[in-house]
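What follows is the content of final33.csv (CSV, C-alpha atoms).
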chain,number,residue,atom,x,y,z
W,1,MET,CA,-14.2,-1.6,-26.0
W,2,THR,CA,-12.2,-2.7,-29.0
W,3,ARG,CA,-9.8,-5.6,-28.2
W,4,ALA,CA,-6.3,-5.7,-29.6
W,5,GLY,CA,-6.1,-9.5,-30.1
W,6,THR,CA,-8.0,-12.6,-30.9
W,7,VAL,CA,-9.1,-15.6,-28.9
W,8,PRO,CA,-6.9,-18.1,-30.8
W,9,GLU,CA,-3.9,-15.8,-30.4
W,10,VAL,CA,-4.4,-15.7,-26.6
W,11,PHE,CA,-5.0,-19.5,-26.4
W,12,LEU,CA,-1.9,-20.4,-28.4
W,13,ALA,CA,0.3,-17.9,-26.4
W,14,PHE,CA,-0.9,-19.3,-23.1
W,15,LEU,CA,-0.8,-22.9,-24.3
W,16,ARG,CA,2.9,-22.5,-25.0
W,17,LEU,CA,3.4,-20.9,-21.6
W,18,GLY,CA,1.4,-23.8,-20.1
W,19,VAL,CA,3.8,-26.3,-21.6
W,20,THR,CA,7.0,-24.5,-20.8
W,21,SER,CA,6.4,-22.6,-17.5
W,22,PHE,CA,8.1,-24.7,-14.8
W,23,GLY,CA,9.1,-23.4,-11.4
W,24,GLY,CA,6.0,-22.3,-9.5
W,25,PRO,CA,4.0,-19.0,-9.4
W,26,ILE,CA,6.9,-16.6,-9.1
W,27,ALA,CA,8.7,-18.2,-12.1
W,28,HIS,CA,5.4,-18.1,-14.0
W,29,LEU,CA,5.3,-14.3,-13.6
W,30,GLY,CA,8.8,-14.2,-15.1
W,31,TYR,CA,7.7,-16.3,-18.0
W,32,PHE,CA,4.6,-14.0,-18.5
W,33,ARG,CA,6.7,-10.9,-18.5
W,34,ASP,CA,9.3,-12.3,-20.9
W,35,ASP,CA,6.8,-13.5,-23.4
W,36,LEU,CA,3.7,-11.2,-23.1
W,37,VAL,CA,5.3,-7.9,-21.9
W,38,THR,CA,8.8,-7.9,-23.3
W,39,ARG,CA,8.3,-9.8,-26.6
W,40,ARG,CA,4.6,-9.5,-27.5
W,41,ARG,CA,4.1,-6.1,-25.8
W,42,TRP,CA,0.6,-6.8,-24.7
W,43,MET,CA,1.1,-4.3,-21.9
W,44,ASP,CA,4.0,-2.3,-20.4
W,45,ASP,CA,6.0,-3.1,-17.3
W,46,ARG,CA,4.2,-0.6,-15.1
W,47,ALA,CA,0.7,-2.0,-16.0
W,48,TYR,CA,2.0,-5.5,-15.6
W,49,ALA,CA,3.4,-4.7,-12.1
W,50,ASP,CA,0.1,-3.0,-11.1
W,51,LEU,CA,-1.7,-6.2,-12.1
W,52,VAL,CA,0.7,-8.5,-10.2
W,53,ALA,CA,0.4,-6.3,-7.1
W,54,LEU,CA,-3.4,-6.4,-7.3
W,55,CYS,CA,-3.5,-10.2,-7.7
W,56,GLN,CA,-1.1,-10.6,-4.8
W,57,PHE,CA,-3.7,-8.9,-2.6
W,58,LEU,CA,-6.5,-11.1,-3.7
W,59,PRO,CA,-7.3,-14.7,-2.7
W,60,GLY,CA,-6.6,-17.4,-5.3
W,61,PRO,CA,-3.7,-18.4,-7.6
W,62,ALA,CA,-1.9,-15.2,-8.3
W,63,SER,CA,-0.1,-16.2,-11.5
W,64,SER,CA,-3.3,-17.7,-13.0
W,65,GLN,CA,-5.2,-14.6,-12.1
W,66,VAL,CA,-2.6,-12.4,-13.9
W,67,GLY,CA,-2.9,-14.6,-17.0
W,68,PHE,CA,-6.7,-14.5,-16.8
W,69,ALA,CA,-6.7,-10.7,-16.6
W,70,MET,CA,-4.2,-10.4,-19.5
W,71,GLY,CA,-6.4,-12.6,-21.6
W,72,LEU,CA,-9.4,-10.5,-20.7
W,73,GLN,CA,-7.7,-7.3,-21.7
W,74,ARG,CA,-6.4,-8.8,-24.9
W,75,ALA,CA,-9.5,-10.5,-26.2
W,76,GLY,CA,-12.4,-10.1,-23.8
W,77,VAL,CA,-14.3,-12.7,-21.8
W,78,PHE,CA,-13.4,-15.5,-24.3
W,79,GLY,CA,-9.8,-14.4,-24.3
W,80,ALA,CA,-9.8,-14.7,-20.5
W,81,LEU,CA,-11.2,-18.3,-20.7
W,82,ALA,CA,-8.7,-19.1,-23.5
W,83,ALA,CA,-5.8,-17.9,-21.3
W,84,PHE,CA,-7.0,-20.0,-18.4
W,85,LEU,CA,-7.5,-23.1,-20.6
W,86,GLY,CA,-4.2,-22.7,-22.5
W,87,PHE,CA,-2.2,-22.2,-19.3
W,88,THR,CA,-3.9,-24.9,-17.2
W,89,LEU,CA,-4.7,-27.8,-19.6
W,90,PRO,CA,-1.2,-29.2,-20.1
W,91,SER,CA,-0.5,-29.8,-16.4
W,92,ALA,CA,-4.0,-30.9,-15.6
W,93,VAL,CA,-3.9,-33.5,-18.4
W,94,LEU,CA,-0.6,-34.8,-17.2
W,95,LEU,CA,-1.7,-35.0,-13.6
W,96,VAL,CA,-4.9,-36.8,-14.5
W,97,ALA,CA,-2.8,-39.3,-16.6
W,98,PHE,CA,-0.6,-39.7,-13.5
W,99,ALA,CA,-3.7,-40.4,-11.4
W,100,ALA,CA,-4.5,-43.2,-13.9
W,101,GLY,CA,-1.1,-44.7,-13.3
W,102,ALA,CA,0.8,-43.3,-16.2
W,103,SER,CA,3.9,-42.0,-14.4
W,104,LEU,CA,5.8,-39.9,-16.9
W,105,PHE,CA,8.8,-38.8,-14.8
W,106,GLY,CA,10.4,-41.9,-13.4
W,107,GLY,CA,14.0,-43.0,-13.5
W,108,PRO,CA,17.3,-41.1,-13.3
W,109,VAL,CA,16.8,-39.3,-16.6
W,110,GLY,CA,13.4,-38.1,-15.5
W,111,GLY,CA,14.9,-37.0,-12.2
W,112,GLY,CA,17.7,-35.1,-14.1
W,113,ILE,CA,15.1,-33.3,-16.2
W,114,LEU,CA,13.2,-32.2,-13.1
W,115,GLU,CA,16.4,-30.9,-11.5
W,116,GLY,CA,17.3,-29.0,-14.7
W,117,LEU,CA,13.9,-27.4,-14.9
W,118,LYS,CA,14.2,-26.2,-11.3
W,119,ILE,CA,17.5,-24.7,-12.2
W,120,VAL,CA,16.0,-22.9,-15.2
W,121,ALA,CA,13.5,-21.4,-12.9
W,122,VAL,CA,16.4,-19.6,-11.2
W,123,ALA,CA,17.3,-17.9,-14.5
W,124,ILE,CA,13.7,-17.0,-15.4
W,125,VAL,CA,13.1,-15.4,-12.0
W,126,ALA,CA,16.4,-13.6,-12.0
W,127,GLN,CA,15.7,-12.1,-15.5
W,128,ALA,CA,12.3,-11.0,-14.2
W,129,VAL,CA,13.8,-9.3,-11.1
W,130,TRP,CA,16.5,-7.7,-13.2
W,131,GLY,CA,14.1,-6.3,-15.8
W,132,MET,CA,11.4,-5.1,-13.5
W,133,ALA,CA,14.0,-3.5,-11.1
W,134,ARG,CA,15.3,-1.4,-14.0
W,135,SER,CA,11.9,0.0,-14.8
W,136,LEU,CA,10.1,0.0,-11.4
W,137,THR,CA,12.9,1.0,-9.0
W,138,PRO,CA,14.7,3.8,-11.0
W,139,ASP,CA,15.4,6.0,-8.0
W,140,ALA,CA,16.6,5.8,-4.4
W,141,PRO,CA,13.2,5.8,-2.7
W,142,ARG,CA,11.8,3.0,-4.7
W,143,ALA,CA,15.0,1.0,-4.5
W,144,GLY,CA,14.8,1.4,-0.7
W,145,ILE,CA,11.2,0.2,-0.7
W,146,ALA,CA,12.2,-2.9,-2.7
W,147,VAL,CA,15.0,-3.7,-0.2
W,148,VAL,CA,12.7,-3.4,2.8
W,149,ALA,CA,10.0,-5.5,1.1
W,150,ALA,CA,12.6,-8.2,0.3
W,151,ALA,CA,13.8,-8.2,3.9
W,152,LEU,CA,10.2,-8.5,5.3
W,153,ALA,CA,9.3,-11.2,2.8
W,154,LEU,CA,12.3,-13.2,3.8
W,155,SER,CA,11.8,-12.7,7.5
W,156,VAL,CA,8.1,-13.6,7.5
W,157,PRO,CA,7.6,-16.4,5.0
W,158,GLY,CA,4.3,-17.0,3.2
W,159,ALA,CA,1.4,-14.8,2.3
W,160,VAL,CA,1.6,-12.8,5.6
W,161,GLY,CA,5.1,-11.5,4.7
W,162,GLN,CA,4.1,-10.8,1.1
W,163,LEU,CA,1.0,-8.9,2.1
W,164,GLY,CA,3.0,-7.0,4.7
W,165,ALA,CA,5.6,-6.1,2.2
W,166,LEU,CA,3.0,-4.8,-0.2
W,167,ALA,CA,1.3,-2.8,2.6
W,168,ILE,CA,4.6,-1.2,3.4
W,169,GLY,CA,5.1,-0.4,-0.3
W,170,VAL,CA,1.7,1.3,-0.4
W,171,VAL,CA,2.3,3.5,2.6
W,172,ALA,CA,5.8,4.4,1.5
W,173,GLY,CA,4.5,5.3,-2.0
W,174,LEU,CA,1.9,7.6,-0.5
W,175,VAL,CA,4.6,9.4,1.6
W,176,LEU,CA,7.5,9.4,-0.8
W,177,LEU,CA,6.3,9.2,-4.4
W,178,ARG,CA,3.6,11.8,-4.8
W,179,ALA,CA,5.9,14.2,-6.7
W,180,VAL,CA,7.0,11.5,-9.0
W,181,VAL,CA,3.4,10.6,-9.9
W,182,GLU,CA,2.3,14.2,-10.3
W,183,GLN,CA,4.9,14.7,-13.0
W,184,SER,CA,3.7,11.6,-14.9
W,185,GLY,CA,1.2,11.7,-17.8
W,186,GLU,CA,1.0,7.9,-18.2
W,187,SER,CA,-2.3,6.3,-19.2
W,188,LEU,CA,-3.3,2.8,-18.2
W,189,PRO,CA,-5.2,0.2,-20.2
W,190,SER,CA,-8.7,-0.6,-19.1
W,191,PHE,CA,-10.1,-4.1,-18.6
W,192,GLY,CA,-13.6,-3.0,-19.6
W,193,VAL,CA,-15.6,-4.9,-17.0
W,194,PRO,CA,-19.1,-3.4,-16.3
W,195,ARG,CA,-19.7,-2.7,-12.7
W,196,ALA,CA,-22.9,-4.6,-12.7
W,197,VAL,CA,-21.0,-7.7,-13.9
W,198,ALA,CA,-18.4,-7.2,-11.2
W,199,VAL,CA,-20.9,-6.9,-8.4
W,200,GLY,CA,-22.7,-10.0,-9.8
W,201,CYS,CA,-19.4,-12.0,-9.6
W,202,LEU,CA,-18.8,-10.9,-6.0
W,203,VAL,CA,-22.3,-11.9,-5.1
W,204,VAL,CA,-21.9,-15.3,-6.8
W,205,ALA,CA,-18.6,-15.9,-5.0
W,206,GLY,CA,-20.1,-15.1,-1.6
W,207,ALA,CA,-23.2,-17.1,-2.2
W,208,ALA,CA,-21.2,-20.2,-3.3
W,209,LEU,CA,-18.9,-19.9,-0.3
W,210,VAL,CA,-21.9,-19.9,2.1
W,211,GLY,CA,-24.3,-22.0,0.0
W,212,LEU,CA,-22.2,-25.0,-1.2
W,213,PRO,CA,-21.6,-26.5,2.3
W,214,LEU,CA,-25.3,-26.1,3.2
W,215,LEU,CA,-26.3,-27.7,-0.1
W,216,ALA,CA,-23.8,-30.5,0.3
W,217,ALA,CA,-25.1,-31.3,3.8
W,218,THR,CA,-28.7,-31.1,2.7
W,219,THR,CA,-28.4,-33.3,-0.4
W,220,GLY,CA,-25.7,-35.6,0.6
W,221,SER,CA,-24.3,-35.3,-2.9
W,222,GLY,CA,-20.7,-36.4,-3.3
W,223,LEU,CA,-20.3,-34.2,-6.3
W,224,ILE,CA,-21.4,-31.1,-4.4
W,225,ALA,CA,-19.3,-32.0,-1.5
W,226,LEU,CA,-16.3,-32.2,-3.8
W,227,ALA,CA,-17.0,-28.9,-5.4
W,228,ASP,CA,-17.5,-27.3,-1.9
W,229,ALA,CA,-14.2,-28.6,-0.6
W,230,PHE,CA,-12.2,-27.3,-3.6
W,231,PHE,CA,-14.1,-24.0,-3.9
W,232,ARG,CA,-13.4,-23.3,-0.2
W,233,SER,CA,-9.7,-24.1,-0.6
W,234,GLY,CA,-9.4,-21.7,-3.6
W,235,ALA,CA,-11.4,-19.0,-1.8
W,236,LEU,CA,-9.5,-19.0,1.4
W,237,VAL,CA,-5.9,-19.0,0.3
W,238,PHE,CA,-3.7,-15.9,-0.3
W,239,GLY,CA,-0.5,-16.2,-2.2
W,240,GLY,CA,-1.5,-19.3,-4.2
W,241,GLY,CA,0.8,-22.1,-5.0
W,242,HIS,CA,2.1,-24.1,-2.0
W,243,VAL,CA,0.0,-22.1,0.4
W,244,VAL,CA,-3.1,-24.1,-0.8
W,245,LEU,CA,-1.5,-27.5,0.2
W,246,PRO,CA,-2.5,-27.4,3.9
W,247,LEU,CA,-6.1,-26.5,3.0
W,248,LEU,CA,-6.3,-29.3,0.5
W,249,GLN,CA,-4.7,-31.8,2.9
W,250,ALA,CA,-7.4,-30.9,5.5
W,251,GLU,CA,-10.2,-31.2,2.9
W,252,VAL,CA,-9.3,-34.5,1.3
W,253,VAL,CA,-6.8,-36.4,3.5
W,254,GLN,CA,-8.2,-35.7,7.0
W,255,THR,CA,-11.7,-36.6,5.7
W,256,GLY,CA,-10.4,-39.9,4.2
W,257,TRP,CA,-11.2,-39.0,0.6
W,258,VAL,CA,-7.6,-39.4,-0.5
W,259,SER,CA,-4.9,-41.5,1.3
W,260,PRO,CA,-1.8,-39.8,2.6
W,261,ASP,CA,0.4,-41.8,0.3
W,262,ALA,CA,-1.7,-40.9,-2.8
W,263,PHE,CA,-1.7,-37.2,-1.7
W,264,LEU,CA,2.1,-37.1,-1.4
W,265,ALA,CA,2.6,-38.9,-4.7
W,266,GLY,CA,0.3,-36.5,-6.5
W,267,TYR,CA,2.2,-33.5,-4.9
W,268,GLY,CA,5.4,-34.9,-6.2
W,269,ALA,CA,3.9,-35.2,-9.7
W,270,ALA,CA,2.6,-31.7,-9.4
W,271,GLN,CA,6.2,-30.5,-8.9
W,272,ALA,CA,7.2,-32.3,-12.1
W,273,VAL,CA,4.8,-30.6,-14.5
W,274,PRO,CA,4.6,-27.1,-15.9
W,275,GLY,CA,1.8,-24.6,-15.1
W,276,PRO,CA,0.0,-23.7,-11.9
W,277,LEU,CA,0.2,-25.8,-8.8
W,278,PHE,CA,-3.5,-25.4,-8.4
W,279,THR,CA,-3.9,-28.1,-11.1
W,280,PHE,CA,-3.0,-30.5,-8.2
W,281,GLY,CA,-6.7,-30.2,-7.6
W,282,ALA,CA,-7.3,-32.2,-10.9
W,283,TYR,CA,-5.3,-35.1,-9.6
W,284,LEU,CA,-7.1,-35.1,-6.2
W,285,GLY,CA,-10.5,-34.9,-7.9
W,286,ALA,CA,-9.6,-37.8,-10.1
W,287,VAL,CA,-8.5,-40.1,-7.2
W,288,SER,CA,-11.0,-38.9,-4.6
W,289,SER,CA,-13.3,-41.5,-3.2
W,290,VAL,CA,-16.1,-38.9,-3.0
W,291,GLY,CA,-17.6,-37.5,-6.1
W,292,PRO,CA,-17.5,-39.0,-9.6
W,293,GLY,CA,-13.8,-39.6,-9.7
W,294,GLY,CA,-11.7,-39.9,-12.9
W,295,VAL,CA,-11.9,-37.2,-15.5
W,296,ALA,CA,-15.3,-36.0,-14.3
W,297,GLY,CA,-14.0,-35.6,-10.7
W,298,ALA,CA,-10.9,-33.8,-12.1
W,299,VAL,CA,-13.0,-31.3,-14.0
W,300,VAL,CA,-15.2,-30.6,-11.0
W,301,ALA,CA,-12.3,-30.1,-8.6
W,302,LEU,CA,-10.3,-28.0,-11.1
W,303,THR,CA,-13.2,-25.7,-11.9
W,304,ALA,CA,-14.1,-25.3,-8.3
W,305,ILE,CA,-10.5,-24.5,-7.0
W,306,PHE,CA,-9.9,-21.8,-9.7
W,307,LEU,CA,-13.4,-20.2,-9.8
W,308,PRO,CA,-13.4,-18.1,-6.6
W,309,GLY,CA,-10.1,-16.4,-7.5
W,310,PHE,CA,-11.4,-15.5,-10.9
W,311,LEU,CA,-14.8,-14.3,-9.6
W,312,VAL,CA,-13.1,-12.0,-7.0
W,313,LEU,CA,-10.6,-10.7,-9.6
W,314,VAL,CA,-13.4,-9.8,-12.1
W,315,GLY,CA,-15.4,-8.3,-9.2
W,316,VAL,CA,-12.7,-5.8,-8.3
W,317,LEU,CA,-11.3,-4.9,-11.8
W,318,PRO,CA,-13.8,-2.1,-12.7
W,319,PHE,CA,-13.3,-0.4,-9.3
W,320,TRP,CA,-9.5,-0.9,-9.8
W,321,ASP,CA,-9.8,0.8,-13.2
W,322,ALA,CA,-11.6,3.7,-11.6
W,323,LEU,CA,-9.2,4.1,-8.6
W,324,ARG,CA,-5.8,3.5,-10.0
W,325,ASP,CA,-5.7,6.7,-12.2
W,326,ARG,CA,-6.1,8.9,-9.1
W,327,ARG,CA,-2.8,10.5,-8.0
W,328,ARG,CA,-2.8,9.1,-4.5
W,329,VAL,CA,-3.7,5.7,-5.7
W,330,ARG,CA,-1.0,5.9,-8.4
W,331,ALA,CA,1.6,6.9,-5.8
W,332,ALA,CA,0.5,4.0,-3.7
W,333,MET,CA,0.9,1.7,-6.6
W,334,ARG,CA,4.3,3.1,-7.4
W,335,GLY,CA,5.3,2.0,-3.9
W,336,ALA,CA,3.5,-1.4,-4.3
W,337,ASN,CA,5.3,-2.0,-7.6
W,338,ALA,CA,8.6,-1.4,-6.0
W,339,ALA,CA,7.6,-3.8,-3.2
W,340,VAL,CA,6.7,-6.4,-5.9
W,341,VAL,CA,10.3,-6.2,-7.1
W,342,GLY,CA,11.5,-6.9,-3.5
W,343,ILE,CA,9.1,-9.8,-3.2
W,344,LEU,CA,10.3,-11.3,-6.4
W,345,GLY,CA,13.9,-10.8,-5.3
W,346,ALA,CA,13.1,-12.6,-2.0
W,347,ALA,CA,11.5,-15.5,-3.9
W,348,LEU,CA,14.5,-15.6,-6.2
W,349,TYR,CA,16.6,-16.4,-3.1
W,350,THR,CA,14.2,-18.8,-1.4
W,351,PRO,CA,12.7,-21.1,-2.4
W,352,VAL,CA,13.9,-20.8,-6.0
W,353,PHE,CA,17.7,-20.5,-5.6
W,354,THR,CA,18.1,-22.4,-2.4
W,355,THR,CA,16.1,-25.3,-3.7
W,356,ALA,CA,17.6,-25.6,-7.1
W,357,VAL,CA,21.2,-24.5,-6.8
W,358,THR,CA,22.9,-27.2,-4.7
W,359,GLY,CA,26.4,-27.0,-6.0
W,360,PRO,CA,28.8,-25.6,-8.7
W,361,GLY,CA,27.2,-27.5,-11.5
W,362,PRO,CA,23.6,-26.3,-10.9
W,363,PHE,CA,25.0,-22.7,-10.4
W,364,VAL,CA,26.8,-22.8,-13.7
W,365,LEU,CA,23.6,-24.1,-15.5
W,366,ALA,CA,21.5,-21.4,-13.9
W,367,LEU,CA,24.1,-18.8,-15.0
W,368,VAL,CA,24.1,-20.1,-18.5
W,369,GLY,CA,20.3,-19.8,-18.6
W,370,PHE,CA,20.4,-16.3,-17.3
W,371,VAL,CA,23.0,-15.2,-19.9
W,372,LEU,CA,21.0,-16.9,-22.7
W,373,LEU,CA,17.9,-14.9,-21.7
W,374,THR,CA,19.5,-11.5,-21.1
W,375,ALA,CA,22.5,-11.3,-23.3
W,376,PHE,CA,21.5,-13.5,-26.2
W,377,ARG,CA,17.8,-12.9,-25.9
W,378,ILE,CA,17.0,-16.6,-26.4
W,379,PRO,CA,13.3,-17.4,-26.0
W,380,ALA,CA,12.4,-18.8,-22.6
W,381,TRP,CA,11.0,-22.1,-24.0
W,382,VAL,CA,14.4,-22.8,-25.7
W,383,VAL,CA,16.1,-22.1,-22.3
W,384,VAL,CA,13.7,-24.6,-20.7
W,385,ILE,CA,15.0,-27.3,-23.2
W,386,VAL,CA,18.6,-26.3,-22.5
W,387,GLY,CA,17.9,-26.7,-18.8
W,388,ALA,CA,16.3,-30.1,-19.1
W,389,VAL,CA,19.3,-31.4,-21.2
W,390,GLY,CA,21.7,-29.8,-18.7
W,391,GLY,CA,19.9,-31.5,-15.8
W,392,ILE,CA,20.2,-34.9,-17.5
W,393,LEU,CA,24.0,-34.3,-18.0
W,394,LEU,CA,24.4,-33.3,-14.4
W,395,ALA,CA,22.6,-36.4,-13.3
W,396,LEU,CA,24.8,-38.6,-15.4
W,397,LEU,CA,28.1,-37.0,-14.4
Can you dump the structure from the file as structure tokens?
Amino acid sequence: MTRAGTVPEVFLAFLRLGVTSFGGPIAHLGYFRDDLVTRRRWMDDRAYADLVALCQFLPGPASSQVGFAMGLQRAGVFGALAAFLGFTLPSAVLLVAFAAGASLFGGPVGGGILEGLKIVAVAIVAQAVWGMARSLTPDAPRAGIAVVAAALALSVPGAVGQLGALAIGVVAGLVLLRAVVEQSGESLPSFGVPRAVAVGCLVVAGAALVGLPLLAATTGSGLIALADAFFRSGALVFGGGHVVLPLLQAEVVQTGWVSPDAFLAGYGAAQAVPGPLFTFGAYLGAVSSVGPGGVAGAVVALTAIFLPGFLVLVGVLPFWDALRDRRRVRAAMRGANAAVVGILGAALYTPVFTTAVTGPGPFVLALVGFVLLTAFRIPAWVVVIVGAVGGILLALL
């Protein structure tokens, strides 16, 4: 199929997002929507919400999977790789530098910047919820689905609550939204993945999940053991982000590869940098006593932790392309999209709002960011700078 964009265009777009996207996976989805959906118009809100819902169902880092798929649709396979590299490299490089002893976020000014960036994430997520709610919950049934999804996501934290909310949205869509879909003539963009390639990706993912631990035990290779640990962590986590931390802790701390103090220090640094939290794997690979260590260890760990999620995503995309144009599936996705709005709304409250807004000053800064984004239509990266400066001022007052 003919692609609408170029690889350099995709890389530069995601590189900017990789430098400015603070606040975790939910905030990343807000940044993506603001830049790639609203401003660049790479896809519309409905297609974007469909993609977000799909990635929420799959194992791996959801926001990175969304970016990978958007790069794939925009510029093919190399566009997908460009999206991954652009979004991931900034935080990976910073964390490897931190592993080498170059702490970039020390002192009161650094602490103020971090607080400001957390507050900006409130504005980014609020804008995403506001915009997606207007387009994806335009009637009473879908608004009701969003409210129920938010309540479940808040009541049952973590991936279980999110998956349950999406499941409720699917069922409610099938029951309540068939008429809405039957009146719609919308067409959806295709990702253009051949089924043979998709099946091959699923086979590789399954073979690696089974074969890497056997190969590591047979050869005694530290490099293979490192790849196995991070591949397994990336393959067995749903929801991404913070959900992967217990798995990583079990793989590298309980085995004695990384000390508890080094693990916690790296986790703190991972909160300080933009981009996906999965790049914490680069830090752990760099400081691990097993494997090559340093930059080589970081590359192995980073590749291994992201790879299963991308393989599974590519593996399901052509079947997703074939299924989602059917009426029942589209009705189900209408409900799932409304549930995504509810999940984002729940995440806006906790952990984004409750963690960042700790008093009147942070609340006013978050409100300023929201107004700049929605009323003045200031680009998100400018609002990030405003938040960082505001965080410094709050720290000094």
> Which of these residues is nearest to Ala339 in chain W, using all atoms listed in the file: W:Leu284, W:Val383, W:Val258, W:Ile168?
Replying inline: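 Ranked by minimum distance to Ala339 in chain W, first place goes to W:Ile168.
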>> Taking only C-alpha atoms into account, name the residue in W:Val203, W:Val66, W:Leu54, W:Leu17 that is nearest to Phe319 in chain W.
In response: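 Using only C-alpha atoms, Phe319 in chain W sits closest to W:Leu54.
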>> Between W:Gly335, W:Gly256, W:Gly200, W:Gly222, which residue has the minimum interatomic distance to Val316 in chain W, considering only C-alpha atoms?
In response: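 Once distances to Val316 in chain W are computed over only C-alpha atoms, the minimum belongs to W:Gly200.
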> Given the choices W:Val295, W:Leu373, W:Val341, W:Leu394, which gets closest to Arg39 in chain W if the distance is worked out from only C-alpha atoms?
Replying inline: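 Residue with the minimum atom-to-atom distance to Arg39 in chain W: W:Leu373.
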> Out of W:Val180, W:Ile119, W:Val125, W:Leu29, which residue has the shortest atom-to-atom distance to Asp139 in chain W when counting only C-alpha atoms?
Replying inline: W:Val180
> What is the distance between CA of Val52 in chain W and CA of Ala282 in chain W, in Å to one decimal?
Replying inline: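 Taking CA of Val52 in chain W and CA of Ala282 in chain W, their separation equals 25.0 Å.
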> What lies within 9 Å of Thr355 in chain W using all atoms listed in the file, ignoring chain neighbours under 4 positions off, as an MDAnalysis selection string?
Replying inline: chainID W and resid 118:119 349:351
Restricting the output to C-alpha atoms, write the selected residues as a PDB file, in the coordinates of the input.
ATOM      1  CA  LYS W 118      14.200 -26.200 -11.300  1.00  0.00           C
ATOM      2  CA  ILE W 119      17.500 -24.700 -12.200  1.00  0.00           C
ATOM      3  CA  TYR W 349      16.600 -16.400  -3.100  1.00  0.00           C
ATOM      4  CA  THR W 350      14.200 -18.800  -1.400  1.00  0.00           C
ATOM      5  CA  PRO W 351      12.700 -21.100  -2.400  1.00  0.00           C
TER       6      PRO W 351
END
> Interatomic distance between CA of Val129 in chain W and CA of Ala69 in chain W?
Replying inline: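 CA of Val129 in chain W sits 21.3 Å away from CA of Ala69 in chain W.
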>> I need every residue sitting at most 9 Å from the point (-6.0, -19.9, -7.1) (coordinates as in the file, only C-alpha atoms considered), written as a PyMOL selection string.
In response: chain W and resi 59-65+233-235+237-241+244+276-278+305-310
>> What's the separation between CA of Val7 in chain W and CA of Ala75 in chain W, in Å to one decimal place?
In response: 5.8 Å
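The smallest atom-to-atom distance between Ala269 in chain W and any of W:Gly67, W:Gly86, W:Gly111, W:Gly315, using all atoms listed in the file, is found for W:Gly111.
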>> Need the shell around Gly112 in chain W: protein/DNA/RNA residues with any atom at most 6 Å away, counting only C-alpha atoms. Skip same-chain ones fewer than 4 positions apart. Format as JSON, numbers by chain?
In response: {"W": [391, 392, 395]}
